[in-house]
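What's in entry_17.tsv: TSV, C-alpha atoms
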```
chain	number	residue	atom	x	y	z
M	1	MET	CA	-15.35	-13.38	21.60
M	2	ARG	CA	-11.95	-12.40	22.96
M	3	GLN	CA	-9.60	-10.60	20.57
M	4	TYR	CA	-5.89	-9.94	21.01
M	5	ILE	CA	-3.89	-7.30	19.14
M	6	VAL	CA	-0.27	-8.39	18.83
M	7	ASP	CA	2.62	-6.52	17.21
M	8	ALA	CA	4.73	-9.11	15.37
M	9	PHE	CA	8.41	-9.08	14.36
M	10	THR	CA	9.22	-6.57	17.09
M	11	ASP	CA	9.86	-6.37	20.83
M	12	LYS	CA	8.07	-3.06	21.40
M	13	VAL	CA	4.57	-1.82	20.68
M	14	PHE	CA	3.83	0.63	17.87
M	15	SER	CA	6.35	-1.11	15.63
M	16	GLY	CA	6.43	-4.35	13.68
M	17	ASN	CA	3.18	-5.53	12.12
M	18	PRO	CA	-0.05	-5.56	14.16
M	19	ALA	CA	-2.46	-8.47	13.79
M	20	ALA	CA	-5.77	-9.21	15.46
M	21	VAL	CA	-6.14	-12.75	16.79
M	22	CYS	CA	-9.30	-14.65	17.77
M	23	VAL	CA	-9.03	-18.15	19.26
M	24	THR	CA	-12.44	-19.85	19.26
M	25	GLU	CA	-13.94	-23.21	20.27
M	26	LYS	CA	-15.59	-23.75	16.88
M	27	ALA	CA	-15.28	-22.43	13.36
M	28	LEU	CA	-17.02	-19.12	12.69
M	29	PRO	CA	-19.11	-18.26	9.63
M	30	GLU	CA	-16.88	-16.97	6.86
M	31	GLY	CA	-18.94	-13.81	6.53
M	32	LEU	CA	-18.47	-13.03	10.22
M	33	MET	CA	-14.70	-13.48	10.00
M	34	GLN	CA	-14.58	-11.14	7.02
M	35	ALA	CA	-16.78	-8.58	8.80
M	36	VAL	CA	-14.52	-8.63	11.87
M	37	ALA	CA	-11.46	-8.15	9.66
M	38	MET	CA	-13.08	-5.20	7.92
M	39	GLU	CA	-14.12	-3.66	11.23
M	40	LYS	CA	-10.65	-4.06	12.75
M	41	ASN	CA	-9.05	-2.82	9.49
M	42	LEU	CA	-5.59	-4.23	10.17
M	43	SER	CA	-3.58	-5.90	7.46
M	44	GLU	CA	-4.58	-9.29	8.91
M	45	THR	CA	-7.06	-10.76	11.36
M	46	ALA	CA	-6.38	-14.40	12.29
M	47	PHE	CA	-8.95	-16.96	13.45
M	48	ALA	CA	-7.71	-20.13	15.17
M	49	VAL	CA	-9.78	-23.12	16.28
M	50	SER	CA	-8.37	-25.92	18.45
M	51	GLU	CA	-8.57	-29.30	16.70
M	52	LYS	CA	-6.99	-32.25	18.56
M	53	ASP	CA	-3.21	-31.82	18.31
M	54	MET	CA	-3.20	-28.62	16.26
M	55	TYR	CA	-5.16	-25.48	15.43
M	56	SER	CA	-6.93	-24.67	12.19
M	57	LEU	CA	-5.94	-21.18	11.14
M	58	ARG	CA	-7.35	-18.73	8.61
M	59	TRP	CA	-6.26	-15.19	7.78
M	60	PHE	CA	-8.47	-12.35	6.55
M	61	THR	CA	-7.47	-8.95	5.20
M	62	PRO	CA	-10.02	-6.14	4.92
M	63	GLY	CA	-10.28	-7.08	1.23
M	64	GLY	CA	-10.62	-10.86	1.58
M	65	GLU	CA	-9.07	-14.10	2.76
M	66	ILE	CA	-5.42	-14.83	1.98
M	67	ASP	CA	-3.69	-18.22	1.74
M	68	LEU	CA	-0.54	-17.47	3.77
M	69	CYS	CA	0.42	-14.84	6.33
M	70	GLY	CA	3.56	-14.79	8.44
M	71	HIS	CA	3.02	-12.00	10.93
M	72	ALA	CA	-0.51	-13.10	11.86
M	73	THR	CA	0.76	-16.67	12.35
M	74	LEU	CA	3.47	-15.33	14.66
M	75	ALA	CA	0.85	-13.25	16.50
M	76	THR	CA	-1.42	-16.30	16.86
M	77	ALA	CA	1.42	-18.48	18.17
M	78	TYR	CA	2.31	-15.75	20.67
M	79	THR	CA	-1.34	-15.58	21.82
M	80	ILE	CA	-1.69	-19.35	22.23
M	81	ALA	CA	1.65	-19.68	24.05
M	82	ASN	CA	0.83	-16.85	26.46
M	83	PHE	CA	-2.90	-17.31	27.07
M	84	TYR	CA	-3.99	-20.83	26.10
M	85	GLU	CA	-1.09	-23.31	26.29
M	86	LYS	CA	1.57	-21.72	28.47
M	87	ASP	CA	3.69	-24.88	28.72
M	88	THR	CA	3.92	-25.60	25.00
M	89	ASP	CA	7.00	-25.00	22.88
M	90	VAL	CA	5.59	-26.28	19.56
M	91	ILE	CA	2.34	-25.16	17.94
M	92	LYS	CA	1.02	-26.60	14.68
M	93	PHE	CA	-1.50	-24.93	12.40
M	94	SER	CA	-3.62	-26.50	9.69
M	95	THR	CA	-3.96	-23.89	6.93
M	96	LYS	CA	-4.69	-23.44	3.24
M	97	SER	CA	-0.91	-23.60	2.73
M	98	GLY	CA	-0.59	-26.92	4.56
M	99	VAL	CA	0.56	-27.63	8.12
M	100	LEU	CA	2.71	-24.83	9.53
M	101	THR	CA	4.88	-25.49	12.58
M	102	VAL	CA	5.93	-22.75	15.01
M	103	ARG	CA	8.55	-23.39	17.69
M	104	LYS	CA	9.07	-21.17	20.72
M	105	ASN	CA	12.76	-20.55	21.39
M	106	GLY	CA	13.08	-18.22	24.34
M	107	GLU	CA	11.45	-14.96	23.34
M	108	HIS	CA	11.64	-15.86	19.64
M	109	PHE	CA	9.08	-17.75	17.62
M	110	GLU	CA	10.45	-19.69	14.66
M	111	MET	CA	7.96	-20.46	11.88
M	112	GLU	CA	8.50	-23.14	9.25
M	113	PHE	CA	6.96	-21.83	6.02
M	114	PRO	CA	7.01	-23.02	2.40
M	115	ALA	CA	9.47	-21.26	0.09
M	116	TYR	CA	7.90	-20.03	-3.14
M	117	LYS	CA	9.53	-21.09	-6.37
M	118	LEU	CA	10.60	-18.01	-8.29
M	119	THR	CA	10.40	-17.69	-12.05
M	120	GLU	CA	12.21	-14.77	-13.66
M	121	THR	CA	9.86	-12.44	-15.52
M	122	PRO	CA	10.56	-9.41	-17.74
M	123	VAL	CA	10.81	-5.96	-16.19
M	124	THR	CA	7.97	-4.24	-18.00
M	125	LYS	CA	7.10	-0.61	-18.51
M	126	ASP	CA	4.03	-1.17	-16.31
M	127	ILE	CA	6.20	-2.39	-13.42
M	128	THR	CA	8.56	0.57	-13.71
M	129	GLU	CA	5.76	3.14	-13.93
M	130	ALA	CA	3.79	1.61	-11.05
M	131	LEU	CA	6.81	1.55	-8.73
M	132	GLY	CA	8.36	4.80	-9.93
M	133	ALA	CA	11.72	3.09	-10.48
M	134	ALA	CA	13.08	0.35	-12.71
M	135	PRO	CA	14.09	-2.88	-10.95
M	136	THR	CA	17.15	-4.73	-12.16
M	137	GLU	CA	15.30	-8.06	-11.97
M	138	ALA	CA	11.74	-9.31	-11.44
M	139	TYR	CA	10.40	-12.72	-10.42
M	140	MET	CA	7.01	-14.36	-9.99
M	141	GLY	CA	5.92	-16.65	-7.18
M	142	ARG	CA	2.58	-16.10	-5.51
M	143	ASP	CA	3.69	-12.45	-5.46
M	144	LEU	CA	5.70	-10.28	-7.79
M	145	LEU	CA	9.24	-9.76	-6.48
M	146	CYS	CA	11.22	-6.79	-7.79
M	147	VAL	CA	14.94	-6.44	-7.06
M	148	PHE	CA	16.75	-3.09	-6.94
M	149	ASP	CA	20.45	-2.27	-6.73
M	150	ASP	CA	20.15	0.36	-3.97
M	151	GLU	CA	18.27	0.09	-0.68
M	152	LYS	CA	17.64	3.86	-0.79
M	153	ILE	CA	15.30	3.29	-3.73
M	154	VAL	CA	13.36	0.72	-1.70
M	155	ARG	CA	13.20	2.87	1.42
M	156	GLU	CA	12.05	6.00	-0.44
M	157	MET	CA	9.70	4.34	-2.92
M	158	LYS	CA	6.27	5.92	-3.40
M	159	PRO	CA	4.42	3.56	-5.74
M	160	ASP	CA	1.24	4.39	-7.62
M	161	LEU	CA	-1.01	1.96	-5.74
M	162	GLU	CA	-3.78	2.03	-8.34
M	163	SER	CA	-1.24	0.94	-10.94
M	164	VAL	CA	0.18	-1.67	-8.54
M	165	THR	CA	-3.24	-3.37	-8.46
M	166	LYS	CA	-2.85	-4.04	-12.20
M	167	LEU	CA	0.49	-5.82	-11.82
M	168	PRO	CA	0.60	-9.63	-11.65
M	169	GLY	CA	0.79	-11.44	-8.34
M	170	ALA	CA	-1.08	-11.20	-5.05
M	171	LEU	CA	1.38	-8.71	-3.49
M	172	VAL	CA	4.30	-6.73	-4.83
M	173	ASN	CA	7.51	-7.10	-2.83
M	174	VAL	CA	10.49	-4.83	-3.51
M	175	THR	CA	13.94	-5.59	-2.15
M	176	ALA	CA	17.61	-4.62	-2.23
M	177	SER	CA	20.81	-5.60	-0.47
M	178	GLY	CA	21.16	-3.77	2.86
M	179	ARG	CA	23.98	-2.03	4.66
M	180	GLU	CA	22.99	-3.01	8.23
M	181	PHE	CA	20.98	-6.08	7.23
M	182	ASP	CA	21.42	-8.74	4.58
M	183	CYS	CA	18.40	-7.43	2.72
M	184	VAL	CA	15.86	-4.63	2.96
M	185	SER	CA	12.34	-4.82	1.59
M	186	ARG	CA	8.82	-3.43	1.47
M	187	SER	CA	5.53	-5.12	0.58
M	188	PHE	CA	2.49	-3.57	-1.10
M	189	ALA	CA	-0.94	-5.24	-1.12
M	190	PRO	CA	-3.57	-2.85	-2.52
M	191	LYS	CA	-5.45	-5.79	-4.07
M	192	TYR	CA	-6.35	-6.77	-0.50
M	193	GLY	CA	-7.20	-3.30	0.71
M	194	ILE	CA	-3.73	-2.77	2.25
M	195	ALA	CA	-1.56	0.01	0.88
M	196	GLU	CA	1.59	-1.36	2.53
M	197	ASP	CA	2.00	-4.39	4.78
M	198	PRO	CA	4.31	-3.21	7.60
M	199	VAL	CA	6.19	-6.52	7.94
M	200	CYS	CA	5.21	-9.30	5.56
M	201	GLY	CA	6.14	-12.87	6.48
M	202	SER	CA	4.77	-14.49	3.33
M	203	GLY	CA	6.58	-11.86	1.26
M	204	HIS	CA	9.81	-13.15	2.78
M	205	CYS	CA	8.95	-16.60	1.46
M	206	HIS	CA	9.93	-14.95	-1.85
M	207	ILE	CA	12.59	-12.55	-0.62
M	208	ILE	CA	14.69	-15.02	1.40
M	209	PRO	CA	14.93	-17.71	-1.33
M	210	TYR	CA	16.17	-15.02	-3.71
M	211	TRP	CA	18.83	-13.60	-1.39
M	212	ALA	CA	19.91	-16.99	-0.05
M	213	GLY	CA	20.73	-17.97	-3.61
M	214	ARG	CA	22.27	-14.62	-4.48
M	215	LEU	CA	24.46	-14.43	-1.37
M	216	CYS	CA	25.12	-18.20	-1.15
M	217	ARG	CA	24.07	-18.22	2.51
M	218	GLU	CA	21.38	-20.09	4.43
M	219	LYS	CA	21.02	-17.69	7.38
M	220	LEU	CA	19.93	-14.11	6.73
M	221	THR	CA	18.72	-11.15	8.75
M	222	ALA	CA	16.08	-9.14	6.93
M	223	TYR	CA	14.60	-5.71	7.60
M	224	GLN	CA	11.22	-4.54	6.36
M	225	ALA	CA	11.60	-0.81	5.82
M	226	SER	CA	8.01	0.30	6.32
M	227	ARG	CA	7.14	3.24	8.55
M	228	ARG	CA	6.75	0.85	11.52
M	229	GLY	CA	9.68	-1.39	10.56
M	230	GLY	CA	10.47	-4.94	11.61
M	231	VAL	CA	13.30	-7.49	11.79
M	232	LEU	CA	13.13	-11.11	10.64
M	233	HIS	CA	15.75	-13.76	11.42
M	234	CYS	CA	15.55	-16.19	8.52
M	235	GLN	CA	17.03	-19.47	7.38
M	236	MET	CA	16.63	-21.58	4.24
M	237	GLN	CA	16.08	-25.30	4.88
M	238	GLY	CA	15.58	-27.05	1.56
M	239	ASP	CA	12.16	-26.02	0.25
M	240	LYS	CA	11.27	-24.35	3.57
M	241	VAL	CA	11.95	-20.91	5.01
M	242	ILE	CA	12.34	-20.48	8.76
M	243	LEU	CA	11.08	-17.04	9.77
M	244	GLY	CA	11.97	-16.00	13.30
M	245	GLY	CA	10.97	-13.00	15.34
M	246	LYS	CA	9.57	-11.62	18.56
M	247	ALA	CA	6.09	-10.35	19.33
M	248	VAL	CA	4.50	-8.10	21.94
M	249	LEU	CA	0.92	-7.71	23.15
M	250	PHE	CA	-0.77	-4.38	22.50
M	251	SER	CA	-4.33	-4.98	23.74
M	252	VAL	CA	-6.99	-7.49	24.75
M	253	SER	CA	-10.66	-6.79	24.09
M	254	ASP	CA	-14.05	-8.45	23.72
M	255	ILE	CA	-16.12	-8.47	20.55
M	256	LEU	CA	-19.73	-8.17	21.71
M	257	PRO	CA	-22.58	-10.17	20.17
M	258	GLU	CA	-25.21	-7.40	20.30
M	259	GLY	CA	-24.80	-6.63	16.59
M	260	GLY	CA	-27.04	-9.55	15.69
M	261	PHE	CA	-24.79	-10.64	12.84
M	262	THR	CA	-26.18	-13.13	10.34
M	263	GLU	CA	-24.20	-14.57	7.47
```

Structure re-expressed in structure tokens:
Amino acid sequence: MRQYIVDAFTDKVFSGNPAAVCVTEKALPEGLMQAVAMEKNLSETAFAVSEKDMYSLRWFTPGGEIDLCGHATLATAYTIANFYEKDTDVIKFSTKSGVLTVRKNGEHFEMEFPAYKLTETPVTKDITEALGAAPTEAYMGRDLLCVFDDEKIVREMKPDLESVTKLPGALVNVTASGREFDCVSRSFAPKYGIAEDPVCGSGHCHIIPYWAGRLCREKLTAYQASRRGGVLHCQMQGDKVILGGKAVLFSVSDILPEGGFTE
């Protein structure tokens, strides 16, 4: 099985968010997909299967399957456009979050994702202690979103990851208004075996709806301030978020069958 490692939301290797991508002729056993994800030990490993006019797509973290992932979708679209369907400009994926459409626009890939509805939630002592700083606001979608009044707090944050696992939500996204960008953020996912997701697309399905409303603007440029860093060009369109970015290939390899895997 051929596997591609693609750095997403960047135009140079060793930055952005790396994802492993496997494009197969038929669906793989779930246990095998999870084993490959654990072996690769990246924040996401994506598995795509061609089905008529679209691809089925599933995403696995080292800690389990997740229902939506932006950077691995971008990495998969990049792989398909460069190695499987070089003349295509539109790629559709059937996923657990519905049909996701990715459009190739020059070197950029623009992904149409669902925007999470945010419900304000109290800033608790547990949130403050886990993050090491008190947010000014907190919201729940799929993830917990915590808003701070200074991007320095976000950039320098050193959360207690064990305590983060006890907070509500799948991931914990922290964000603040930026000086060079409209917003700055970081995403923590210890529940899925990931201390920090370098550039989290699904996290921005929370972050962008918040800042679009706060700044009264539809188009935003976001920066994920992880150690690797990454830039997202975003736009609100009704109940959808358009997440745009570049991607670059790091490696191509073969996963050998000699292991004798059985589900």

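Shortest separation to Asp239 in chain M among M:Ile194, M:Ser251, M:Ala46, M:Phe113 occurs at residue M:Phe113, atoms counted being only C-alpha atoms.
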
Nearest-residue call for Arg142 in chain M, choices M:Glu44, M:Asp53, M:Asp67, M:Glu39, using all atoms listed in the file: M:Asp67

If we count only C-alpha atoms, what is near Trp211 in chain M at a cut-off of 12 Å, once residues fewer than 6 positions away on the same chain are taken out, given as a VMD selection string? chain M and resid 118 145 147 175 to 178 181 to 185 204 to 205 217 to 222 234 to 236 241

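One finds CA of Lys240 in chain M at 22.6 Å from CA of Ala48 in chain M.
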
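For the choices M:Tyr223, M:Phe148, M:Phe83, M:Phe47, the atom-to-atom distance to Thr10 in chain M is smallest for M:Tyr223 when using all atoms listed in the file.
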
Point (-1.3, -23.4, 2.3), cut-off 7 Å, counting all atoms listed in the file, residues as an MDAnalysis selection string: chainID M and resid 67:68 95:98

Report, in Å to a single decimal, how far apart CA of Ala189 in chain M and CA of Gly203 in chain M are. 10.3 Å

Grab the CA of Gly16 in chain M to CA of Phe188 in chain M distance for me, in Å with one decimal place. 15.3 Å

Counting only C-alpha atoms, note down every residue that has an atom within 7 Å of the point (13.8, -1.4, 3.6) (file coordinates), as an MDAnalysis selection string. chainID M and resid 151 154:155 184:186 223:226

Would you tabulate, counting all atoms listed in the file, all residues of range 17-46 of chain M that have an atom at most 12 Å from an atom of range 74-80 of chain M, showing the closest pair of atoms and their distance in Å to one decimal, sorted by chain then ascending number, as a tab-separated table?
```
residue	atom	partner	partner_atom	distance
M:Asn17	CA	M:Ala75	CA	9.2
M:Pro18	CA	M:Ala75	CA	8.1
M:Ala19	CA	M:Ala75	CA	6.4
M:Ala20	CA	M:Ala75	CA	7.8
M:Val21	CA	M:Thr76	CA	5.9
M:Cys22	CA	M:Thr76	CA	8.1
M:Val23	CA	M:Ile80	CA	8.0
M:Thr24	CA	M:Ile80	CA	11.2
M:Glu44	CA	M:Ala75	CA	10.1
M:Thr45	CA	M:Thr76	CA	9.6
M:Ala46	CA	M:Thr76	CA	7.0
```

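Among the candidates M:Phe250, M:Phe60, M:Tyr139, M:Phe9, the one nearest to Met38 in chain M when counting all atoms listed in the file is M:Phe60.
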
Counting all atoms listed in the file, which residue out of M:Tyr116, M:Tyr84, M:Tyr192, M:Phe109 sits closest to Asn41 in chain M? M:Tyr192

What box, with edges along x, y and z, holds each listed atom of range 87-103 of chain M when 3 Å is added on every side, and can you state its centre and edge lengths in Å to one decimal, as AutoDock Vina command-line options?
```
--center_x 1.9 --center_y -25.2 --center_z 15.7 --size_x 19.2 --size_y 10.9 --size_z 32.0
```

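The nearest approach to Tyr4 in chain M among the residues M:Val164, M:Leu28, M:Leu249, M:Leu215, with all atoms listed in the file taken into account, belongs to M:Leu249.
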